[in-house]
Every structure is written in C-alpha cells, then in structure tokens.
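For reference, the structure discussed in these notes is given below.
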Amino acid sequence: MITQVLFAALIGGIIGLDRTALGQFMISEPVVAGPLTGWLLGDVTAGLVIGGTLELIWVLDMPIGTFVPADSTVAAVAATAIAALGSTTPGQLPVIGFCLLLTVAMVPVTMFADHLMRQRNAQIPDLAMTSSGRPTEARVTFWHIGGMVAFFLKAFLLCLALVPAGLVLVSIFLALPDAVHRAMSLFVTFLPLLGVASVARKLSMNTLDRTLLIGFLIGAVSVQLFHVPELAAIMLAAGGGWMGMRLHGA
Amino acid sequence: MARNAAVIRTIDLLGVFWRSFFIQASWSYDRLQSLGFAFALIPILRRLYPDREEFTGRLAAHMEYFNTQPYLASFVLGAAARAEEDRASGRNAAADNMELKRTLMAPLGALGDSFFWGSLKPFAASAAVAVLLAGAWWAPLLFLVLYNIAHVGLRLSLVFVGYETGGDVVALMSRYNFTRLARRYKVLSLAIIGCIAGTLSAWGTEFRIPVAVSPSFLAATGLALTLGMIVLLRIGASPVKIMIGLAAACLMLAFGGFA
C-alpha cells in the first residue's frame, strides 16, 4: 500500500506541473487528470466519474492576475487515488461519492499550499543573479527550470498527505450503515448538475438563459420522445446553439 | 556604435516558441513571469548579442516585472524579439522594449483570460463532460484535442505574428477576432450544458439515479435543481457549500427511504 500511495503522489506531482509551471496543455484538468490517475491505479471508472464531476464545478475558477484558484488537479488526483486504493472492487459508487465529498476539505488545503509555494518562489529571480548583480544564461536557466521542482513538490507532498488520510476515512466510511452508502451513490448522480449550474452562472447573466434552456429542451425532447442516442442529442444541442448564434449575428 | 548585422532566423523564433511552454516555471507573487520571459527570449539574445557583456545586460533588462496570460505572452515575446532586432541592427537603436512589454501585458492579459480561461476551456470541458456522461471513455481525449488545437496552434502563430507586426495589437485583433470567438464558444457551452441537464435520464450507468422514476419527472427535477443551484450561486453560495448541502440532502433522502 505504501508503494501505491507513493506512486499516486508521483502521478499527482507530475500531472501537477502542467497546471502552472509546464506547458499548460490541460492534462491537469480533472476530466483528464482523474481518468489518467484511475487508469494508472487500476480504476478508470473512479477516475472518469470523479474527473468528469469536478471538471465543470471548477472549470471557471480562473487564475487571473495573482489570484490562485482552488487546485482541482490535486483534488481530482487525490480523490481518484483514494477511491481506487480504498474500494473493495473497482468502480464502487458509494466510495466514489464519498471521495468526491472529501474534495470539499481538500480545496482550502491545496489553496494554502499553493499560496505558500508561490511566496517562496519570489526569491528565485535573485538567485539567478551572480554576486556582481548580473544574471548569466546558465543561472537563469538553472533557477528558472528549478522553479518547477517547487510546483512538483507541492502537488507530490499534498497527495502524499491527503491520500493516506483519505484512505483512513474511507475505511471508516465502509463500516457505516447502508443508507449512508446509498446516499453517496445518489450524491454522484446529482453532483454533475452543480457543475452545470457553476458554468451557467459564470457564462450567463441570466438564470433563465435562453441558450441553456434551448439546450435543455433539445436534450430532453430528443432523448425522451425520439429516443435519440445521447451523443447525437449533444450534437443536436450544439447545432441548435450554433444556429441561434447565426440567427442573432453573433 | 558598432552594430550587429545578425538577423533573427525562423529557428530562433521556434526556440522562443518551445521555451514559451516554460514561461511560468518559476511563477511567484512578486515577479510573476519575469524570469520566464527572460528565459524564453534567450535564443534571440544569443543570436543578436555575441558580446557577453551586452548579452548579459539585455538579459537583465528582460528580467523586470512581467505578467500576462501565458499563451498570449507568445505575442509579446515575438514583439520583443523584433524590438531587440531593431535595436541590435541599429534600425531603431532607441527601441524601448520595456515600454512595449508594459503596454502590451495588461490588455493581452484581459483578452487571453477571457478567451482561453473564460470561453475555450469551458467549451472543451462542457463537450467532454457531456460525452463522458453519455458513457464514452474517450471524453478526456476529446477535451485535449478540442483545447490544444487552438492552444498550441495560436501559441506558435502568435510568436510569428508578434515578430512580424512588432506588437501591433490592432493587427493581432484583425487576424484573430478573440472577442467574437469567445462569444461563440460561450453560446455553444451553454447549449451543451443545457443538454447535459436535459438528458439526465440517459446518463451512463455510473450516474444513473438508483430509483425508478419517469424520465420526464427526472428531467424536470434536473432542470429545477440546476436552476435552484444557479440562484444559490448568484446570491453568493460557494460550490463547496452547495456540495455539502447536496450531500446532506442525499443523506436525508436515503435515511427517509427514498433512495
């Protein structure tokens, strides 16, 4: 188990680099980081469910200026690792729901760690200077690239602390009555709607946004009345949004 | 003053493009991307200033405060490369690179935040989550493809556009209408997330409600819940608080025998 926790922390550290320090290809987004972690730890379903659910909730928590948003990468990786290592069978829905709930406690911890690490990074530009107060190419390259170590360690150490703590809580959770387990399965079902609400809230000024409601109607009618496959319904809704946009000259 | 006749080559700009992926490697509150900017510009400075003293001086100059949206920093890097070339060749020895950077970073920051973080990312995420809820395992790949075609393509292009235009934001805006594109991505995102709520009864097995209810009732419940949560978010409730409330409500339903 110690090796698996270390492996999970290593995954968190490496994926965490993409969040700010390296590339920002969005491998660190929960919808990718979760399934990737789940696949590496042998429970893709947990990763897909956790990553997909957390994605929409945190996607518009934006890193503008010096604001550091909630670290949804560490939350997704740690929650997936806890679910993968703590479940008795892969894809155990109540455990996945419980791990999603655990991310609530992870968010402030990750933000605080991010804040501390970025404060410490402030000394790096001074380290790139020689004693004469001038930079050299070698020193700039060494200290700048070295800055990634801090980002790696932040995510690595957070996962190293959060995953074992989560595993202890999961073992307690598994001993709770069956009604609690059913509640967590229900929680998984409804939580994506919070993601929908979070995105709608940030993208539109109106609660009853016209495009949102058109998308809802197209989805509901095509799936329920015409039994259209869900993937086709998504395409239809996107097409409906596109046509509405063209009609209004956007 | 003796001037260096060296000009920037495509390979140098490609070097800047490659290094731009590391621009935030040492991000900090005080200096933000300052060291990253200097690091990314090294291939240009190396080409233009073979003299060690001059190279070091220009490297130090580029270590001053800098921060913008990390992808659009590529445009500023291209513009700074042009200004350095003008300065080194004597075409415009007084080219004030620092003023150029200061002028560009705030508007490009706002533009990039709004386009990449505020519209492209939610669009790719909405599409991927919709596909994931439909039970498709390849949703993460869809997200990466939708996002990175625009991200990497623009990052590469912007280095060259910045260099060619010398940092002309009007030329940039006429080539890429970010505001219009952002509006389109936002509309598509809203339509897709609306569809997510509407297809609640058809979500993949992991997300399927464990109680037998009619699909119409389920869709209506989904819409009511979504709108209720939008209202809660509008009046200041955080997603974390709503998650706790939702978990509490699920517990009550389960203990009440409804689940």
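Residues are named by chain letter and number: chains run A, B, ... in the order of the structure tokens, numbers start at 1 in each chain, and ligands are numbered from 1 in the order shown.
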Worksheet item: What's the 6 Å shell around Ala155 of chain A, counting only C-alpha atoms, without same-chain residues fewer than 4 positions away, as a PyMOL selection string?
Response: chain A and resi 12-13+16
Generate a file of the selected residues that holds C-alpha atoms, formatted as a PDB file, in the first residue's frame.
```pdb
ATOM      1  CA  GLY A  12      -0.014  13.986  -8.707  1.00  0.00           C
ATOM      2  CA  GLY A  13       3.391  15.690  -8.768  1.00  0.00           C
ATOM      3  CA  GLY A  16       0.507  18.978 -11.250  1.00  0.00           C
TER       4      GLY A  16
END
```
Fill in: Polymer residues at most 7 Å from segment 199-209 of chain B, only C-alpha atoms, same-chain spacing of 2 or more positions, as a list of chain:residue names
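Surrounding residues, per the criterion: A:Leu186, A:Val188, A:Thr189, A:Gly219, A:Ala220, A:Val223, A:Glu230, B:Leu133, B:Ala134, B:Gly135, B:Cys195, B:Ile196, B:Ala197, B:Val211, B:Pro215, B:Leu218, B:Ala219, B:Gly222.
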Fill in: Polymer residues at most 9 Å from segment 27-33 of chain A, only C-alpha atoms, same-chain spacing of 6 or more positions, as a PyMOL selection string
(chain A and resi 12+15-19+47-56+58-59+72-77) or (chain B and resi 125+128-129+132+139-141+143-144)
Limited to C-alpha atoms, could you put the picked residues into a file as a PDB file, in the first residue's frame?
```
ATOM      1  CA  GLY A  12      -0.014  13.986  -8.707  1.00  0.00           C
ATOM      2  CA  ILE A  15       0.431  15.986 -13.607  1.00  0.00           C
ATOM      3  CA  GLY A  16       0.507  18.978 -11.250  1.00  0.00           C
ATOM      4  CA  LEU A  17       3.381  20.502 -13.251  1.00  0.00           C
ATOM      5  CA  ASP A  18       1.027  21.065 -16.188  1.00  0.00           C
ATOM      6  CA  ARG A  19      -1.261  23.218 -14.052  1.00  0.00           C
ATOM      7  CA  GLY A  47     -11.252   8.493 -12.422  1.00  0.00           C
ATOM      8  CA  LEU A  48     -13.861   9.172 -15.092  1.00  0.00           C
ATOM      9  CA  VAL A  49     -16.642   9.800 -12.575  1.00  0.00           C
ATOM     10  CA  ILE A  50     -14.534  11.971 -10.238  1.00  0.00           C
ATOM     11  CA  GLY A  51     -12.779  13.867 -13.033  1.00  0.00           C
ATOM     12  CA  GLY A  52     -15.946  14.497 -15.030  1.00  0.00           C
ATOM     13  CA  THR A  53     -17.841  15.679 -11.971  1.00  0.00           C
ATOM     14  CA  LEU A  54     -15.159  18.022 -10.640  1.00  0.00           C
ATOM     15  CA  GLU A  55     -14.365  19.455 -14.085  1.00  0.00           C
ATOM     16  CA  LEU A  56     -17.453  21.582 -14.562  1.00  0.00           C
ATOM     17  CA  TRP A  58     -14.088  24.215 -11.003  1.00  0.00           C
ATOM     18  CA  VAL A  59     -13.513  24.968 -14.717  1.00  0.00           C
ATOM     19  CA  SER A  72      -8.715  20.964  -8.764  1.00  0.00           C
ATOM     20  CA  THR A  73      -5.802  18.856 -10.083  1.00  0.00           C
ATOM     21  CA  VAL A  74      -4.647  17.711  -6.657  1.00  0.00           C
ATOM     22  CA  ALA A  75      -8.292  17.264  -5.615  1.00  0.00           C
ATOM     23  CA  ALA A  76      -9.025  15.060  -8.668  1.00  0.00           C
ATOM     24  CA  VAL A  77      -5.822  13.001  -8.409  1.00  0.00           C
TER      25      VAL A  77
ATOM     26  CA  ALA B 125     -14.867  20.900 -20.753  1.00  0.00           C
ATOM     27  CA  ALA B 128     -16.019  16.402 -22.832  1.00  0.00           C
ATOM     28  CA  VAL B 129     -18.249  16.085 -19.751  1.00  0.00           C
ATOM     29  CA  LEU B 132     -18.437  11.355 -20.585  1.00  0.00           C
ATOM     30  CA  ALA B 139     -14.057  12.099 -23.293  1.00  0.00           C
ATOM     31  CA  PRO B 140     -10.625  13.129 -21.872  1.00  0.00           C
ATOM     32  CA  LEU B 141      -9.082  12.769 -25.337  1.00  0.00           C
ATOM     33  CA  PHE B 143     -11.105  17.596 -24.258  1.00  0.00           C
ATOM     34  CA  LEU B 144      -7.375  17.587 -25.015  1.00  0.00           C
TER      35      LEU B 144
END
```
Discussion item. If I take atom CA of Ser89 of chain B and atom CA of Arg19 of chain B, how far is one from the other in Å, to one decimal?
Written reply: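 Separating atom CA of Ser89 of chain B from atom CA of Arg19 of chain B is a distance of 24.0 Å.
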Worksheet item: Using only C-alpha atoms, which of the listed residues (B:Ser26, B:Ser74, B:Ser174, B:Ser20) sits closest to Leu108 of chain B?
Response: B:Ser74
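For the choices A:Ala165, A:Val95, A:Ala200, A:Ala232, the atom-to-atom distance to Asp178 of chain A is smallest for A:Val95 when using only C-alpha atoms.
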Discussion item. Excluding His248 of chain A and its own-chain neighbours fewer than 2 positions away, which residues fall within 12 Å of it when counting only C-alpha atoms? Please give them as a ChimeraX atom specification.
Written reply: /A:211,241-246,250 /B:183-184,187
Discussion item. Nearest residue to chain B out of A:Ile172, A:Ala79, A:Ile2, A:Leu100, using only C-alpha atoms?
Written reply: A:Leu100
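Every protein or nucleic acid residue with an atom no more than 6 Å from segment 240-256 of chain B, counting only C-alpha atoms and leaving out same-chain residues fewer than 6 positions away, appears here: Val104, Ala179, Ala183 and Phe187 of chain A.
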Write the selection just made, keeping N, CA and C atoms, as a PDB file, in the first residue's frame?
```
ATOM      1  N   VAL A 104     -14.089  18.520  -0.816  1.00  0.00           N
ATOM      2  CA  VAL A 104     -14.533  19.756  -0.162  1.00  0.00           C
ATOM      3  C   VAL A 104     -13.496  20.194   0.880  1.00  0.00           C
ATOM      4  N   ALA A 179     -27.532   2.916   4.387  1.00  0.00           N
ATOM      5  CA  ALA A 179     -28.225   4.142   3.938  1.00  0.00           C
ATOM      6  C   ALA A 179     -27.213   5.233   3.571  1.00  0.00           C
ATOM      7  N   ALA A 183     -26.807   7.027  -0.005  1.00  0.00           N
ATOM      8  CA  ALA A 183     -26.803   8.496  -0.108  1.00  0.00           C
ATOM      9  C   ALA A 183     -25.645   8.971  -0.977  1.00  0.00           C
ATOM     10  N   PHE A 187     -25.593  11.039  -4.413  1.00  0.00           N
ATOM     11  CA  PHE A 187     -24.764  12.254  -4.487  1.00  0.00           C
ATOM     12  C   PHE A 187     -24.017  12.293  -5.833  1.00  0.00           C
TER      13      PHE A 187
END
```
Practice prompt. Tell me which protein, DNA and RNA residues are within 9 Å of segment 232-238 of chain B, counting only C-alpha atoms, leaving out same-chain ones fewer than 4 positions away, and put them as a ChimeraX atom specification.
Written response: /A:197-198,201,207 /B:227-228,242-243
Could you turn the residues from that selection into a file that holds C-alpha atoms, as a compact mmCIF listing (two decimals), in the first residue's frame?
```txt
# COMPACT_ATOMS: atom_id res chain seq x y z
CA ALA A 197 -25.06 25.37 -12.59
CA SER A 198 -21.49 26.63 -11.94
CA ARG A 201 -23.74 31.02 -13.55
CA THR A 207 -30.65 32.45 -14.52
CA LEU B 227 -31.83 26.49 -11.73
CA GLY B 228 -32.03 26.36 -7.93
CA ILE B 242 -23.63 23.58 -2.16
CA MET B 243 -21.76 20.25 -2.33
```
Item to complete: Considering only C-alpha atoms, return as number ranges by chain whatever protein or nucleic-acid residues lie within 9 Å of Ala113 of chain A, sequence-local ones (same chain, fewer than 4 positions apart) excluded.
Response: A: 108-109, 117-118, 154-155, 158
Worksheet item: Quick one, how far is atom CA of Gly146 of chain A from atom CA of Asp126 of chain A?
Response: 13.3 Å
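When only C-alpha atoms are used to compute distances to Ile57 of chain A, the closest of the residues A:Thr103, A:Asn121, A:Ser171, A:Thr141 turns out to be A:Thr103.
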Fill in: Distance of atom CA of Phe116 of chain B from atom CA of Val140 of chain A, expressed in Å to one decimal place
28.6 Å
Fill in: Backbone DSSP call of alpha helix (DSSP H) for segment 10-97 of chain A, listed as an NGL selection string
:A and (10-17 or 30-41 or 44-58 or 72-86 or 93-97)
How would the residues just picked look written out with C-alpha atoms as a PDB file, in the first residue's frame?
```
ATOM      1  CA  LEU A  10       4.233  10.805  -8.023  1.00  0.00           C
ATOM      2  CA  ILE A  11       1.357  10.918 -10.513  1.00  0.00           C
ATOM      3  CA  GLY A  12      -0.014  13.986  -8.707  1.00  0.00           C
ATOM      4  CA  GLY A  13       3.391  15.690  -8.768  1.00  0.00           C
ATOM      5  CA  ILE A  14       3.958  15.095 -12.474  1.00  0.00           C
ATOM      6  CA  ILE A  15       0.431  15.986 -13.607  1.00  0.00           C
ATOM      7  CA  GLY A  16       0.507  18.978 -11.250  1.00  0.00           C
ATOM      8  CA  LEU A  17       3.381  20.502 -13.251  1.00  0.00           C
ATOM      9  CA  PRO A  30      -9.840  16.998 -13.612  1.00  0.00           C
ATOM     10  CA  VAL A  31     -11.516  15.488 -16.707  1.00  0.00           C
ATOM     11  CA  VAL A  32      -8.069  14.300 -17.863  1.00  0.00           C
ATOM     12  CA  ALA A  33      -6.136  14.013 -14.578  1.00  0.00           C
ATOM     13  CA  GLY A  34      -8.849  11.878 -12.932  1.00  0.00           C
ATOM     14  CA  PRO A  35      -9.133   9.183 -15.637  1.00  0.00           C
ATOM     15  CA  LEU A  36      -5.349   9.137 -16.133  1.00  0.00           C
ATOM     16  CA  THR A  37      -4.802   8.545 -12.406  1.00  0.00           C
ATOM     17  CA  GLY A  38      -7.590   5.962 -12.333  1.00  0.00           C
ATOM     18  CA  TRP A  39      -6.093   4.128 -15.307  1.00  0.00           C
ATOM     19  CA  LEU A  40      -2.625   4.053 -13.745  1.00  0.00           C
ATOM     20  CA  LEU A  41      -4.021   2.807 -10.426  1.00  0.00           C
ATOM     21  CA  VAL A  44     -10.624   4.025 -14.670  1.00  0.00           C
ATOM     22  CA  THR A  45     -14.303   4.272 -13.711  1.00  0.00           C
ATOM     23  CA  ALA A  46     -13.476   6.100 -10.478  1.00  0.00           C
ATOM     24  CA  GLY A  47     -11.252   8.493 -12.422  1.00  0.00           C
ATOM     25  CA  LEU A  48     -13.861   9.172 -15.092  1.00  0.00           C
ATOM     26  CA  VAL A  49     -16.642   9.800 -12.575  1.00  0.00           C
ATOM     27  CA  ILE A  50     -14.534  11.971 -10.238  1.00  0.00           C
ATOM     28  CA  GLY A  51     -12.779  13.867 -13.033  1.00  0.00           C
ATOM     29  CA  GLY A  52     -15.946  14.497 -15.030  1.00  0.00           C
ATOM     30  CA  THR A  53     -17.841  15.679 -11.971  1.00  0.00           C
ATOM     31  CA  LEU A  54     -15.159  18.022 -10.640  1.00  0.00           C
ATOM     32  CA  GLU A  55     -14.365  19.455 -14.085  1.00  0.00           C
ATOM     33  CA  LEU A  56     -17.453  21.582 -14.562  1.00  0.00           C
ATOM     34  CA  ILE A  57     -17.578  22.645 -10.908  1.00  0.00           C
ATOM     35  CA  TRP A  58     -14.088  24.215 -11.003  1.00  0.00           C
ATOM     36  CA  SER A  72      -8.715  20.964  -8.764  1.00  0.00           C
ATOM     37  CA  THR A  73      -5.802  18.856 -10.083  1.00  0.00           C
ATOM     38  CA  VAL A  74      -4.647  17.711  -6.657  1.00  0.00           C
ATOM     39  CA  ALA A  75      -8.292  17.264  -5.615  1.00  0.00           C
ATOM     40  CA  ALA A  76      -9.025  15.060  -8.668  1.00  0.00           C
ATOM     41  CA  VAL A  77      -5.822  13.001  -8.409  1.00  0.00           C
ATOM     42  CA  ALA A  78      -6.079  12.505  -4.633  1.00  0.00           C
ATOM     43  CA  ALA A  79      -9.817  11.674  -4.705  1.00  0.00           C
ATOM     44  CA  THR A  80      -9.305   9.193  -7.562  1.00  0.00           C
ATOM     45  CA  ALA A  81      -6.341   7.590  -5.799  1.00  0.00           C
ATOM     46  CA  ILE A  82      -8.326   7.256  -2.564  1.00  0.00           C
ATOM     47  CA  ALA A  83     -11.261   5.710  -4.445  1.00  0.00           C
ATOM     48  CA  ALA A  84      -9.016   3.358  -6.431  1.00  0.00           C
ATOM     49  CA  LEU A  85      -6.976   2.200  -3.441  1.00  0.00           C
ATOM     50  CA  GLY A  86      -9.777   2.266  -0.868  1.00  0.00           C
ATOM     51  CA  LEU A  93     -20.048   4.103  -6.487  1.00  0.00           C
ATOM     52  CA  PRO A  94     -20.616   4.890  -2.773  1.00  0.00           C
ATOM     53  CA  VAL A  95     -16.843   5.177  -2.225  1.00  0.00           C
ATOM     54  CA  ILE A  96     -16.520   7.392  -5.312  1.00  0.00           C
ATOM     55  CA  GLY A  97     -19.288   9.647  -3.941  1.00  0.00           C
TER      56      GLY A  97
END
```
For segment 47-125 of chain A versus segment 27-50 of chain B, which residues have an atom no more than 12 Å away, and what is each residue's nearest atom pair and distance in Å rounded to one decimal, using only C-alpha atoms, chain-then-number order, as a tab-separated table?
```
residue	atom	partner	partner_atom	distance
A:Ile64	CA	B:Leu32	CA	11.9
A:Gly65	CA	B:Leu32	CA	9.0
A:Thr66	CA	B:Tyr29	CA	6.4
A:Phe67	CA	B:Tyr29	CA	9.3
A:Val68	CA	B:Tyr29	CA	9.9
A:Asp114	CA	B:Ser28	CA	10.2
A:His115	CA	B:Tyr29	CA	8.7
A:Leu116	CA	B:Ser28	CA	10.0
A:Met117	CA	B:Ser28	CA	8.2
A:Arg118	CA	B:Ser28	CA	4.6
A:Gln119	CA	B:Tyr29	CA	6.1
A:Arg120	CA	B:Ser28	CA	7.6
A:Asn121	CA	B:Ser28	CA	5.1
A:Ala122	CA	B:Ser28	CA	5.0
A:Gln123	CA	B:Ser28	CA	8.5
A:Ile124	CA	B:Leu35	CA	8.4
A:Pro125	CA	B:Leu35	CA	6.2
```
Write the residues you've just listed into a file as a short mmCIF file (atom, residue, chain, number, x, y, z; two decimals), in the first residue's frame, and include N, CA and C atoms for each of them.
```cif
data_model
loop_
_atom_site.label_atom_id
_atom_site.label_comp_id
_atom_site.auth_asym_id
_atom_site.auth_seq_id
_atom_site.Cartn_x
_atom_site.Cartn_y
_atom_site.Cartn_z
N ILE A 64 -6.63 34.45 -12.66
CA ILE A 64 -6.46 35.80 -13.22
C ILE A 64 -5.54 36.63 -12.33
N GLY A 65 -4.54 37.25 -12.97
CA GLY A 65 -3.59 38.08 -12.22
C GLY A 65 -2.87 37.24 -11.17
N THR A 66 -2.91 37.72 -9.90
CA THR A 66 -2.21 36.98 -8.85
C THR A 66 -3.16 36.05 -8.09
N PHE A 67 -4.44 35.95 -8.55
CA PHE A 67 -5.38 35.06 -7.86
C PHE A 67 -5.04 33.60 -8.16
N VAL A 68 -4.93 32.83 -7.11
CA VAL A 68 -4.64 31.40 -7.27
C VAL A 68 -5.92 30.62 -6.96
N ASP A 114 -0.50 26.24 -2.23
CA ASP A 114 -0.14 26.96 -3.45
C ASP A 114 0.36 28.37 -3.09
N HIS A 115 -0.36 29.01 -2.18
CA HIS A 115 -0.02 30.35 -1.74
C HIS A 115 1.40 30.37 -1.12
N LEU A 116 1.66 29.42 -0.24
CA LEU A 116 2.98 29.35 0.43
C LEU A 116 4.09 29.15 -0.59
N MET A 117 3.86 28.22 -1.55
CA MET A 117 4.88 27.88 -2.52
C MET A 117 5.21 29.09 -3.42
N ARG A 118 4.20 29.82 -3.81
CA ARG A 118 4.42 30.97 -4.69
C ARG A 118 5.13 32.11 -3.95
N GLN A 119 4.89 32.20 -2.65
CA GLN A 119 5.61 33.19 -1.86
C GLN A 119 7.10 32.84 -1.81
N ARG A 120 7.38 31.55 -1.62
CA ARG A 120 8.78 31.10 -1.55
C ARG A 120 9.49 31.30 -2.89
N ASN A 121 8.74 31.17 -4.00
CA ASN A 121 9.34 31.31 -5.34
C ASN A 121 9.86 32.73 -5.59
N ALA A 122 9.42 33.69 -4.78
CA ALA A 122 9.79 35.09 -5.02
C ALA A 122 11.30 35.30 -4.97
N GLN A 123 12.02 34.41 -4.29
CA GLN A 123 13.47 34.61 -4.18
C GLN A 123 14.24 34.07 -5.38
N ILE A 124 13.54 33.34 -6.27
CA ILE A 124 14.25 32.70 -7.40
C ILE A 124 14.95 33.72 -8.31
N PRO A 125 14.29 34.83 -8.73
CA PRO A 125 14.99 35.77 -9.61
C PRO A 125 16.30 36.30 -9.01
#
```
Fill in: Nearest to chain B, chosen from A:Ala21, A:Met26, A:Val5, A:Leu160, with only C-alpha atoms counted in the distances
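Of the candidates, the smallest distance to chain B is held by A:Ala21.
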Discussion item. Measuring between only C-alpha atoms, which one of B:Met173, B:Lys101, B:Leu77, B:Ser216 shows the shortest distance to Val16 of chain B?
Written reply: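 Answer, going by the shortest atom-to-atom distance: B:Leu77.
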